[in-house]
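Reproduced below: protein-v7.txt, with compact mmCIF, C-alpha atoms and all ligand atoms.
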```
# COMPACT_ATOMS: atom_id res chain seq x y z
CA MET A 1 0.00 0.00 0.00
CA THR A 2 1.51 3.33 -1.04
CA ARG A 3 -1.14 5.81 0.17
CA SER A 4 0.22 7.85 -2.72
CA LEU A 5 -3.13 9.05 -4.04
CA ASN A 6 -3.49 11.17 -0.96
CA GLY A 7 -7.29 11.64 -0.86
CA LYS A 8 -7.72 12.46 -4.56
CA VAL A 9 -11.17 11.64 -5.94
CA ALA A 10 -11.35 8.80 -8.46
CA VAL A 11 -14.42 8.10 -10.58
CA ILE A 12 -14.53 4.53 -11.84
CA THR A 13 -17.34 3.81 -14.27
CA GLY A 14 -18.81 0.31 -14.31
CA ALA A 15 -17.20 -0.40 -10.93
CA GLY A 16 -20.26 -2.26 -9.67
CA SER A 17 -18.74 -5.51 -10.98
CA GLY A 18 -15.66 -7.24 -12.31
CA MET A 19 -12.38 -5.43 -12.82
CA GLY A 20 -13.97 -2.05 -12.03
CA ARG A 21 -14.64 -3.33 -8.50
CA SER A 22 -11.04 -4.57 -8.24
CA MET A 23 -9.78 -1.15 -9.35
CA ALA A 24 -12.03 0.58 -6.80
CA LEU A 25 -10.60 -1.55 -4.00
CA ARG A 26 -7.01 -1.03 -5.17
CA LEU A 27 -7.20 2.74 -5.69
CA ALA A 28 -8.90 3.05 -2.28
CA GLU A 29 -5.97 1.11 -0.77
CA ASP A 30 -3.72 3.74 -2.33
CA ASN A 31 -5.85 6.33 -0.50
CA ALA A 32 -8.08 7.65 -3.29
CA LYS A 33 -11.67 8.54 -2.46
CA ILE A 34 -13.80 6.42 -4.79
CA ALA A 35 -16.97 7.30 -6.69
CA VAL A 36 -18.48 4.11 -8.10
CA TRP A 37 -20.66 4.94 -11.09
CA ASP A 38 -22.66 2.06 -12.52
CA ILE A 39 -25.98 1.53 -14.24
CA ASN A 40 -26.41 -1.34 -11.80
CA GLY A 41 -27.17 0.47 -8.54
CA GLU A 42 -26.99 -2.65 -6.37
CA GLY A 43 -23.59 -3.61 -7.73
CA ALA A 44 -22.36 -0.07 -7.17
CA GLU A 45 -23.59 -0.10 -3.55
CA GLU A 46 -21.88 -3.45 -2.96
CA THR A 47 -18.53 -2.15 -4.27
CA ALA A 48 -18.78 0.99 -2.14
CA ARG A 49 -19.60 -1.18 0.89
CA LEU A 50 -16.56 -3.38 0.23
CA VAL A 51 -14.30 -0.32 -0.06
CA ARG A 52 -15.61 1.12 3.20
CA GLU A 53 -15.31 -2.25 4.93
CA ALA A 54 -11.63 -2.27 3.92
CA GLY A 55 -11.18 1.15 5.57
CA GLY A 56 -11.55 3.32 2.45
CA THR A 57 -13.92 6.09 1.38
CA ALA A 58 -16.50 5.42 -1.35
CA ILE A 59 -19.87 6.53 -2.64
CA ALA A 60 -22.11 4.65 -5.05
CA ILE A 61 -24.04 6.40 -7.80
CA GLN A 62 -26.47 4.66 -10.12
CA ALA A 63 -25.92 6.22 -13.54
CA ASP A 64 -26.06 5.29 -17.19
CA CYS A 65 -22.56 6.41 -18.16
CA SER A 66 -23.58 6.85 -21.78
CA ASP A 67 -26.28 9.41 -20.98
CA ALA A 68 -25.16 13.05 -20.84
CA ALA A 69 -27.71 14.17 -18.23
CA ALA A 70 -27.00 11.19 -15.97
CA ILE A 71 -23.24 11.82 -16.26
CA LYS A 72 -23.67 15.47 -15.30
CA ALA A 73 -25.80 14.56 -12.28
CA ALA A 74 -23.31 11.89 -11.18
CA ALA A 75 -20.40 14.33 -11.47
CA GLU A 76 -22.23 17.00 -9.50
CA GLN A 77 -23.04 14.54 -6.71
CA THR A 78 -19.44 13.31 -6.68
CA ARG A 79 -18.06 16.86 -6.36
CA ARG A 80 -20.58 17.70 -3.64
CA GLU A 81 -19.88 14.59 -1.56
CA LEU A 82 -16.17 13.94 -2.22
CA GLY A 83 -14.60 16.89 -4.08
CA PRO A 84 -13.23 17.60 -7.57
CA ILE A 85 -12.64 14.62 -9.82
CA LEU A 86 -8.91 14.17 -10.52
CA ILE A 87 -8.74 10.52 -11.57
CA LEU A 88 -11.10 8.96 -14.11
CA VAL A 89 -11.21 5.32 -15.13
CA ASN A 90 -13.44 4.77 -18.16
CA ASN A 91 -14.22 1.11 -17.54
CA ALA A 92 -17.98 0.59 -18.10
CA GLY A 93 -18.67 -1.46 -21.19
CA ILE A 94 -20.64 -4.20 -22.87
CA ALA A 95 -19.14 -6.97 -25.00
CA PRO A 96 -21.52 -8.91 -27.21
CA PHE A 97 -20.33 -11.61 -29.64
CA ASN A 98 -22.07 -11.66 -33.05
CA ASN A 99 -21.35 -12.58 -36.64
CA PHE A 100 -20.46 -9.47 -38.65
CA LEU A 101 -23.32 -9.85 -41.13
CA GLU A 102 -25.86 -10.33 -38.34
CA ILE A 103 -25.12 -7.14 -36.38
CA SER A 104 -28.06 -4.75 -36.59
CA GLU A 105 -27.57 -1.01 -36.77
CA GLU A 106 -29.39 -0.82 -33.44
CA LEU A 107 -26.90 -3.15 -31.70
CA LEU A 108 -23.92 -1.40 -33.34
CA THR A 109 -25.22 1.97 -32.14
CA LYS A 110 -25.77 0.65 -28.61
CA VAL A 111 -22.23 -0.76 -28.37
CA LEU A 112 -20.68 2.45 -29.71
CA LYS A 113 -22.77 4.57 -27.36
CA ILE A 114 -21.81 2.70 -24.19
CA ASN A 115 -18.18 1.86 -25.04
CA LEU A 116 -17.12 5.04 -26.88
CA VAL A 117 -19.61 7.92 -26.62
CA GLY A 118 -19.90 7.29 -22.86
CA PRO A 119 -16.14 7.61 -22.11
CA PHE A 120 -16.02 10.69 -24.40
CA LEU A 121 -18.82 12.42 -22.50
CA VAL A 122 -17.60 11.34 -19.05
CA SER A 123 -14.15 12.69 -19.91
CA GLN A 124 -15.64 16.00 -21.08
CA GLU A 125 -17.50 16.26 -17.78
CA CYS A 126 -14.52 15.45 -15.54
CA VAL A 127 -11.60 17.16 -17.33
CA PRO A 128 -12.43 20.74 -16.19
CA ASP A 129 -11.80 19.66 -12.57
CA MET A 130 -8.39 18.29 -13.61
CA ILE A 131 -7.51 21.44 -15.58
CA ALA A 132 -8.37 23.57 -12.54
CA ALA A 133 -6.11 21.40 -10.38
CA LYS A 134 -3.34 21.29 -13.03
CA TRP A 135 -3.24 17.54 -12.41
CA GLY A 136 -5.26 14.61 -13.70
CA ARG A 137 -5.23 10.98 -14.72
CA ILE A 138 -7.49 9.37 -17.31
CA ILE A 139 -7.28 5.62 -17.75
CA ASN A 140 -9.26 4.00 -20.53
CA ILE A 141 -10.06 0.29 -20.40
CA THR A 142 -10.07 -0.96 -23.97
CA SER A 143 -9.43 -4.57 -25.01
CA SER A 144 -6.66 -6.75 -26.43
CA SER A 145 -9.08 -7.31 -29.33
CA VAL A 146 -8.07 -3.82 -30.51
CA GLN A 147 -4.53 -5.11 -30.92
CA SER A 148 -5.27 -8.58 -32.27
CA GLY A 149 -8.68 -8.27 -33.96
CA SER A 150 -11.62 -10.47 -32.98
CA ALA A 151 -13.82 -12.10 -35.62
CA LEU A 152 -17.03 -12.11 -33.58
CA GLN A 153 -16.56 -8.67 -32.07
CA THR A 154 -16.46 -6.25 -35.00
CA HIS A 155 -18.84 -3.86 -33.23
CA TYR A 156 -17.11 -4.14 -29.84
CA THR A 157 -13.59 -3.89 -31.26
CA SER A 158 -14.56 -0.89 -33.39
CA SER A 159 -15.81 0.85 -30.26
CA LYS A 160 -12.64 0.05 -28.31
CA GLY A 161 -10.52 1.19 -31.27
CA GLY A 162 -12.30 4.53 -31.04
CA LEU A 163 -11.38 4.64 -27.36
CA LEU A 164 -7.74 4.02 -28.31
CA GLY A 165 -7.95 7.05 -30.62
CA LEU A 166 -9.54 9.12 -27.87
CA THR A 167 -6.74 8.09 -25.49
CA LYS A 168 -4.02 9.42 -27.79
CA CYS A 169 -5.94 12.61 -28.64
CA LEU A 170 -6.59 13.44 -24.99
CA ALA A 171 -2.94 12.76 -24.17
CA MET A 172 -1.99 15.38 -26.77
CA ALA A 173 -4.74 17.85 -25.90
CA LEU A 174 -4.35 17.76 -22.12
CA GLY A 175 -0.66 17.16 -21.44
CA GLU A 176 0.03 20.85 -20.92
CA HIS A 177 -2.44 20.82 -18.02
CA GLY A 178 -0.62 18.07 -16.13
CA ILE A 179 -3.17 15.49 -17.24
CA THR A 180 -2.11 12.10 -18.58
CA CYS A 181 -4.32 9.72 -20.55
CA ASN A 182 -3.35 6.09 -21.07
CA MET A 183 -5.05 2.84 -21.90
CA ILE A 184 -5.12 -0.67 -20.54
CA PRO A 185 -6.29 -3.27 -23.06
CA PRO A 186 -7.06 -6.35 -20.92
CA GLY A 187 -6.74 -9.87 -22.23
CA SER A 188 -9.20 -12.38 -20.78
CA ILE A 189 -9.98 -11.46 -17.19
CA ASP A 190 -12.14 -13.62 -14.94
CA THR A 191 -15.17 -11.38 -14.43
CA PRO A 192 -18.94 -11.83 -14.82
CA MET A 193 -18.55 -10.47 -18.38
CA LEU A 194 -16.08 -13.18 -19.38
CA ARG A 195 -18.11 -15.91 -17.68
CA ALA A 196 -21.20 -14.78 -19.65
CA ALA A 197 -19.39 -14.87 -23.02
CA ASP A 198 -20.75 -17.41 -25.52
CA VAL A 199 -17.23 -18.65 -26.25
CA MET A 200 -16.65 -19.54 -22.57
CA GLN A 201 -19.77 -21.64 -21.99
CA GLN A 202 -18.18 -25.12 -22.33
CA PRO A 203 -17.27 -26.52 -18.87
CA GLY A 204 -13.57 -25.82 -18.19
CA ALA A 205 -13.30 -23.35 -21.11
CA ILE A 206 -11.97 -20.51 -18.98
CA GLU A 207 -9.33 -22.67 -17.29
CA ALA A 208 -8.29 -24.22 -20.64
CA TYR A 209 -7.95 -20.77 -22.21
CA GLY A 210 -5.80 -19.67 -19.29
CA LYS A 211 -3.53 -22.73 -19.48
CA ALA A 212 -2.79 -21.99 -23.14
CA LEU A 213 -1.44 -18.51 -22.34
CA PRO A 214 2.29 -17.87 -21.79
CA VAL A 215 1.66 -17.16 -18.07
CA GLY A 216 -0.55 -20.28 -17.80
CA ARG A 217 -3.59 -18.70 -16.17
CA ILE A 218 -6.58 -16.50 -16.82
CA GLY A 219 -6.27 -12.89 -15.63
CA GLN A 220 -7.81 -11.54 -12.44
CA GLY A 221 -9.29 -8.12 -11.73
CA GLU A 222 -6.30 -7.46 -9.47
CA ASP A 223 -3.95 -7.75 -12.47
CA ILE A 224 -5.74 -4.85 -14.14
CA ALA A 225 -6.02 -2.95 -10.87
CA ALA A 226 -2.23 -3.06 -10.38
CA ALA A 227 -1.67 -1.41 -13.77
CA ALA A 228 -4.40 1.16 -13.10
CA ALA A 229 -2.85 2.00 -9.73
CA PHE A 230 0.48 2.69 -11.42
CA LEU A 231 -1.08 4.85 -14.13
CA ALA A 232 -3.03 6.82 -11.49
CA SER A 233 0.08 7.41 -9.41
CA GLU A 234 2.39 10.41 -9.24
CA GLU A 235 5.20 8.20 -10.54
CA ALA A 236 3.44 7.70 -13.89
CA GLY A 237 3.43 11.43 -14.67
CA TYR A 238 5.85 11.12 -17.61
CA MET A 239 3.74 8.49 -19.33
CA THR A 240 0.90 9.54 -21.60
CA GLY A 241 -0.83 8.28 -24.73
CA GLN A 242 0.56 4.84 -23.92
CA THR A 243 -0.68 1.30 -23.61
CA ILE A 244 -0.04 -1.13 -20.78
CA SER A 245 -1.05 -4.51 -22.14
CA VAL A 246 -2.16 -6.74 -19.27
CA ASN A 247 -2.99 -9.94 -21.08
CA GLY A 248 -0.88 -12.85 -19.83
CA GLY A 249 1.13 -12.73 -23.05
CA ARG A 250 -1.87 -13.35 -25.32
CA TYR A 251 -0.78 -10.52 -27.61
CA MET A 252 2.78 -9.19 -27.61
CA GLY A 253 2.55 -6.70 -30.45
CA SER A 254 5.39 -4.64 -31.74
CA ALA A 255 8.03 -3.02 -29.57
P1 LIG A 301 -18.49 -6.65 -16.00
O1 LIG A 301 -19.65 -6.95 -16.86
O2 LIG A 301 -18.17 -7.52 -14.85
O3 LIG A 301 -18.55 -5.13 -15.51
C1 LIG A 301 -18.95 -4.10 -16.35
C2 LIG A 301 -19.76 -3.11 -15.56
O4 LIG A 301 -20.15 -2.04 -16.44
C3 LIG A 301 -21.06 -3.71 -14.99
O5 LIG A 301 -21.16 -3.44 -13.60
C4 LIG A 301 -22.16 -2.96 -15.77
O6 LIG A 301 -23.34 -2.75 -15.02
C5 LIG A 301 -21.46 -1.67 -16.10
N1 LIG A 301 -22.10 -0.97 -17.22
C6 LIG A 301 -22.46 -1.46 -18.42
N2 LIG A 301 -23.07 -0.52 -19.15
C7 LIG A 301 -23.08 0.61 -18.40
C8 LIG A 301 -23.57 1.92 -18.59
N3 LIG A 301 -24.20 2.29 -19.71
N4 LIG A 301 -23.41 2.81 -17.60
C9 LIG A 301 -22.81 2.47 -16.45
N5 LIG A 301 -22.33 1.24 -16.20
C10 LIG A 301 -22.46 0.33 -17.17
O7 LIG A 301 -17.26 -6.62 -17.03
P2 LIG A 301 -15.67 -6.51 -16.85
O8 LIG A 301 -15.10 -7.72 -17.44
O9 LIG A 301 -15.29 -6.09 -15.49
O10 LIG A 301 -15.40 -5.34 -17.92
C11 LIG A 301 -14.91 -4.06 -17.60
C12 LIG A 301 -14.30 -3.46 -18.86
O11 LIG A 301 -13.23 -4.28 -19.31
C13 LIG A 301 -15.28 -3.36 -20.04
O12 LIG A 301 -15.10 -2.14 -20.70
C14 LIG A 301 -14.85 -4.51 -20.95
O13 LIG A 301 -15.14 -4.27 -22.29
C15 LIG A 301 -13.37 -4.54 -20.69
N6 LIG A 301 -12.72 -5.83 -21.00
C16 LIG A 301 -13.02 -6.95 -20.31
C17 LIG A 301 -12.36 -8.14 -20.60
C18 LIG A 301 -12.59 -9.41 -19.83
O14 LIG A 301 -12.01 -10.45 -20.20
N7 LIG A 301 -13.36 -9.43 -18.77
C19 LIG A 301 -11.42 -8.17 -21.64
C20 LIG A 301 -11.16 -7.01 -22.34
C21 LIG A 301 -11.81 -5.83 -22.02
```

Take the structure in the file and write it out as structure tokens.
Amino acid sequence: MTRSLNGKVAVITGAGSGMGRSMALRLAEDNAKIAVWDINGEGAEETARLVREAGGTAIAIQADCSDAAAIKAAAEQTRRELGPILILVNNAGIAPFNNFLEISEELLTKVLKINLVGPFLVSQECVPDMIAAKWGRIINITSSSVQSGSALQTHYTSSKGGLLGLTKCLAMALGEHGITCNMIPPGSIDTPMLRAADVMQQPGAIEAYGKALPVGRIGQGEDIAAAAAFLASEEAGYMTGQTISVNGGRYMGSA
């Protein structure tokens, strides 16, 4: 535990479940005050309860993080109850699997709205606080599918590719204000989302997938949380527009 975040307020979208919950617990350990924003109010309350039980500070806000009015209301409540928002983790997302030719415009629009428009609008809402403080951290959770491609996720991967573009643009636009923006593209992480995936429904599929990876195991929320904690820290201040690939070696990419 570093305590390095020193009471700064961190908004984590979609932190009512999965790796968002792990990041909430980890950033709270590092002494951030946590605002859990999730469309699932019960999940958000549970995460906030777990953070408080561990000795941290957290509030839960039920909000559709792709809806401008809901985002504004969530930000106002966060500022009122905790203070200005200096750390933002754009983590909320949905990940359907569909054949390319069977994806309706309606489903495509929904995926883009939640996975790309949402982080864009949430960032627009939170960045003024960071500019005022001359310090900020934005961490975007994308997907290793952006690096490798994914045949059954053309809609999802397109949305996450947009978030990669947003990451680099915000890094360029906001660097002069002391704000960094980086992305974590997770590989397969053991969360409710992964367990619900069509491709993981055979008994033992998750374990078998993990065994085939260079590190020999499926990822855990804590693996992502460790990278997020570094990117949120003071020590990561010279890193922006970058990617930390936390994927067990699934995709190694270019140097
Ligand atoms: P999860 O389903 O466990 O958690 C996602 C959370 O986002 C849920 O609590 C859900 O209620 C919330 N959410 C969804 N739509 C929302 C909206 N409109 N507004 C507010 N909250 C909303 O999934 P997870 O695996 O923890 O995924 C977190 C992020 O990681 C997602 O962006 C996902 O695409 C990405 N990711 C996951 C994996 C994986 O293997 N689990 C791999 C690559 C990328």

Grab me every residue within 7 Å of ligand LIG 301 (chain A), counting all atoms listed in the file, and send it over as a PyMOL selection string.
chain A and resi 13-20+37-40+43+63-66+91-95+114-115+141-144+185-194

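Interatomic distance, atom CA of Gly221 of chain A to atom CA of Val122 of chain A: 22.4 Å.
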
Residues around (-1.8, 5.0, -15.3), cut-off 9 Å, counting all atoms listed in the file - what are they as an mmCIF file with C-alpha atoms, in the frame of the given file?
```cif
data_model
loop_
_atom_site.group_PDB
_atom_site.id
_atom_site.type_symbol
_atom_site.label_atom_id
_atom_site.label_comp_id
_atom_site.auth_asym_id
_atom_site.auth_seq_id
_atom_site.Cartn_x
_atom_site.Cartn_y
_atom_site.Cartn_z
ATOM 1 C CA ARG A 137 -5.230 10.980 -14.720
ATOM 2 C CA ILE A 138 -7.490 9.370 -17.310
ATOM 3 C CA ILE A 139 -7.280 5.620 -17.750
ATOM 4 C CA THR A 180 -2.110 12.100 -18.580
ATOM 5 C CA CYS A 181 -4.320 9.720 -20.550
ATOM 6 C CA ASN A 182 -3.350 6.090 -21.070
ATOM 7 C CA MET A 183 -5.050 2.840 -21.900
ATOM 8 C CA ILE A 184 -5.120 -0.670 -20.540
ATOM 9 C CA ALA A 227 -1.670 -1.410 -13.770
ATOM 10 C CA ALA A 228 -4.400 1.160 -13.100
ATOM 11 C CA ALA A 229 -2.850 2.000 -9.730
ATOM 12 C CA PHE A 230 0.480 2.690 -11.420
ATOM 13 C CA LEU A 231 -1.080 4.850 -14.130
ATOM 14 C CA ALA A 232 -3.030 6.820 -11.490
ATOM 15 C CA SER A 233 0.080 7.410 -9.410
ATOM 16 C CA ALA A 236 3.440 7.700 -13.890
ATOM 17 C CA GLY A 237 3.430 11.430 -14.670
ATOM 18 C CA MET A 239 3.740 8.490 -19.330
ATOM 19 C CA THR A 240 0.900 9.540 -21.600
ATOM 20 C CA GLN A 242 0.560 4.840 -23.920
ATOM 21 C CA ILE A 244 -0.040 -1.130 -20.780
#
```

With all atoms listed in the file as the atoms that count, which of A:His155, A:Lys168, A:Lys211, A:Lys33 lies nearest to Leu82 of chain A?
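With all atoms listed in the file as the atom set, the closest residue is A:Lys33.
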
Which residues come within 8 Å of Ile12 of chain A, counting only C-alpha atoms, excluding same-chain residues fewer than 5 positions away, as a list of chain:residue names?
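After dropping sequence-adjacent residues, the list is A:Gly20, A:Met23, A:Ala24, A:Ile34, A:Ala35, A:Val36, A:Trp37, A:Leu88, A:Val89, A:Asn90, A:Asn91.
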
Please dump the current selection as an mmCIF file, in the coordinates of the input; keep C-alpha atoms.
```cif
data_model
loop_
_atom_site.group_PDB
_atom_site.id
_atom_site.type_symbol
_atom_site.label_atom_id
_atom_site.label_comp_id
_atom_site.auth_asym_id
_atom_site.auth_seq_id
_atom_site.Cartn_x
_atom_site.Cartn_y
_atom_site.Cartn_z
ATOM 1 C CA GLY A 20 -13.970 -2.050 -12.030
ATOM 2 C CA MET A 23 -9.780 -1.150 -9.350
ATOM 3 C CA ALA A 24 -12.030 0.580 -6.800
ATOM 4 C CA ILE A 34 -13.800 6.420 -4.790
ATOM 5 C CA ALA A 35 -16.970 7.300 -6.690
ATOM 6 C CA VAL A 36 -18.480 4.110 -8.100
ATOM 7 C CA TRP A 37 -20.660 4.940 -11.090
ATOM 8 C CA LEU A 88 -11.100 8.960 -14.110
ATOM 9 C CA VAL A 89 -11.210 5.320 -15.130
ATOM 10 C CA ASN A 90 -13.440 4.770 -18.160
ATOM 11 C CA ASN A 91 -14.220 1.110 -17.540
#
```

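Going from atom CA of Gly210 of chain A over to atom CA of Asn98 of chain A, you cover 22.8 Å.
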
Give me, as a PyMOL selection string, all polymer residues having an atom no more than 9 Å from Ser145 of chain A, counting only C-alpha atoms and skipping those fewer than 4 positions away in the same chain.
chain A and resi 149-150+153+156-157+160-161+185-187

Separation of atom CA of Ser148 of chain A from atom CA of Phe97 of chain A in Å:
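Atom-to-atom, atom CA of Phe97 of chain A to atom CA of Ser148 of chain A, that is 15.6 Å.
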
Nearest candidate to Ile131 of chain A (options A:Arg26, A:Arg195, A:His177, A:Lys72; using all atoms listed in the file):
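Among A:Arg26, A:Arg195, A:His177, A:Lys72, it is A:His177 that comes nearest to Ile131 of chain A.
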
Using all atoms listed in the file, can you tell me which of A:Leu166, A:Leu107, A:Leu101, A:Ala60 comes closest to Leu121 of chain A?
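For Leu121 of chain A, the nearest of the candidates is A:Leu166.
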
Around (-21.9, 13.7, -8.3) in the file's frame, which residues reach within 10 Å when counting only C-alpha atoms? Return as a count of residues only?
23

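Considering the residues A:Leu116, A:Ala54, A:Leu213, A:Met200 and counting all atoms listed in the file, Thr167 of chain A has its shortest atom-to-atom contact with A:Leu116.
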
Complete the atom set of segment 23-32 of chain A to all heavy atoms and return it as a JSON list (two decimals), in the frame of the given file.
```
[["chain", "number", "residue", "atom", "x", "y", "z"],
["A", 23, "MET", "N", -10.50, -2.44, -9.29],
["A", 23, "MET", "CA", -9.78, -1.15, -9.35],
["A", 23, "MET", "C", -10.23, -0.23, -8.23],
["A", 23, "MET", "O", -9.42, 0.51, -7.65],
["A", 23, "MET", "CB", -9.98, -0.50, -10.72],
["A", 23, "MET", "CG", -9.23, -1.24, -11.82],
["A", 23, "MET", "SD", -9.23, -0.39, -13.40],
["A", 23, "MET", "CE", -10.82, -0.87, -14.07],
["A", 24, "ALA", "N", -11.52, -0.26, -7.90],
["A", 24, "ALA", "CA", -12.03, 0.58, -6.80],
["A", 24, "ALA", "C", -11.32, 0.21, -5.49],
["A", 24, "ALA", "O", -10.84, 1.07, -4.75],
["A", 24, "ALA", "CB", -13.54, 0.41, -6.67],
["A", 25, "LEU", "N", -11.23, -1.09, -5.23],
["A", 25, "LEU", "CA", -10.60, -1.55, -4.00],
["A", 25, "LEU", "C", -9.12, -1.17, -3.97],
["A", 25, "LEU", "O", -8.60, -0.72, -2.96],
["A", 25, "LEU", "CB", -10.78, -3.07, -3.86],
["A", 25, "LEU", "CG", -12.20, -3.48, -3.46],
["A", 25, "LEU", "CD1", -12.47, -4.95, -3.80],
["A", 25, "LEU", "CD2", -12.44, -3.23, -1.97],
["A", 26, "ARG", "N", -8.45, -1.31, -5.11],
["A", 26, "ARG", "CA", -7.01, -1.03, -5.17],
["A", 26, "ARG", "C", -6.72, 0.47, -5.06],
["A", 26, "ARG", "O", -5.83, 0.89, -4.31],
["A", 26, "ARG", "CB", -6.44, -1.60, -6.46],
["A", 26, "ARG", "CG", -4.96, -1.31, -6.69],
["A", 26, "ARG", "CD", -4.11, -1.79, -5.50],
["A", 26, "ARG", "NE", -2.86, -1.04, -5.44],
["A", 26, "ARG", "CZ", -1.72, -1.42, -6.00],
["A", 26, "ARG", "NH1", -1.66, -2.56, -6.65],
["A", 26, "ARG", "NH2", -0.65, -0.67, -5.89],
["A", 27, "LEU", "N", -7.47, 1.29, -5.77],
["A", 27, "LEU", "CA", -7.20, 2.74, -5.69],
["A", 27, "LEU", "C", -7.56, 3.27, -4.29],
["A", 27, "LEU", "O", -6.92, 4.19, -3.79],
["A", 27, "LEU", "CB", -7.96, 3.50, -6.78],
["A", 27, "LEU", "CG", -7.54, 3.21, -8.24],
["A", 27, "LEU", "CD1", -8.20, 4.21, -9.18],
["A", 27, "LEU", "CD2", -6.04, 3.25, -8.44],
["A", 28, "ALA", "N", -8.56, 2.65, -3.65],
["A", 28, "ALA", "CA", -8.90, 3.05, -2.28],
["A", 28, "ALA", "C", -7.76, 2.67, -1.34],
["A", 28, "ALA", "O", -7.43, 3.42, -0.41],
["A", 28, "ALA", "CB", -10.19, 2.38, -1.84],
["A", 29, "GLU", "N", -7.14, 1.52, -1.58],
["A", 29, "GLU", "CA", -5.97, 1.11, -0.77],
["A", 29, "GLU", "C", -4.85, 2.14, -0.90],
["A", 29, "GLU", "O", -4.12, 2.39, 0.05],
["A", 29, "GLU", "CB", -5.41, -0.20, -1.34],
["A", 29, "GLU", "CG", -5.53, -1.39, -0.45],
["A", 29, "GLU", "CD", -4.88, -2.61, -1.09],
["A", 29, "GLU", "OE1", -3.69, -2.54, -1.45],
["A", 29, "GLU", "OE2", -5.60, -3.60, -1.26],
["A", 30, "ASP", "N", -4.76, 2.71, -2.09],
["A", 30, "ASP", "CA", -3.72, 3.74, -2.33],
["A", 30, "ASP", "C", -4.20, 5.12, -1.88],
["A", 30, "ASP", "O", -3.61, 6.13, -2.20],
["A", 30, "ASP", "CB", -3.34, 3.77, -3.81],
["A", 30, "ASP", "CG", -2.57, 2.53, -4.22],
["A", 30, "ASP", "OD1", -2.19, 1.75, -3.33],
["A", 30, "ASP", "OD2", -2.35, 2.34, -5.42],
["A", 31, "ASN", "N", -5.34, 5.13, -1.16],
["A", 31, "ASN", "CA", -5.85, 6.33, -0.50],
["A", 31, "ASN", "C", -6.58, 7.31, -1.42],
["A", 31, "ASN", "O", -6.61, 8.50, -1.16],
["A", 31, "ASN", "CB", -4.73, 7.05, 0.27],
["A", 31, "ASN", "CG", -5.29, 7.87, 1.42],
["A", 31, "ASN", "OD1", -6.39, 7.60, 1.89],
["A", 31, "ASN", "ND2", -4.56, 8.88, 1.84],
["A", 32, "ALA", "N", -7.16, 6.81, -2.51],
["A", 32, "ALA", "CA", -8.08, 7.65, -3.29],
["A", 32, "ALA", "C", -9.47, 7.53, -2.68],
["A", 32, "ALA", "O", -9.82, 6.51, -2.09],
["A", 32, "ALA", "CB", -8.12, 7.18, -4.75]]
```
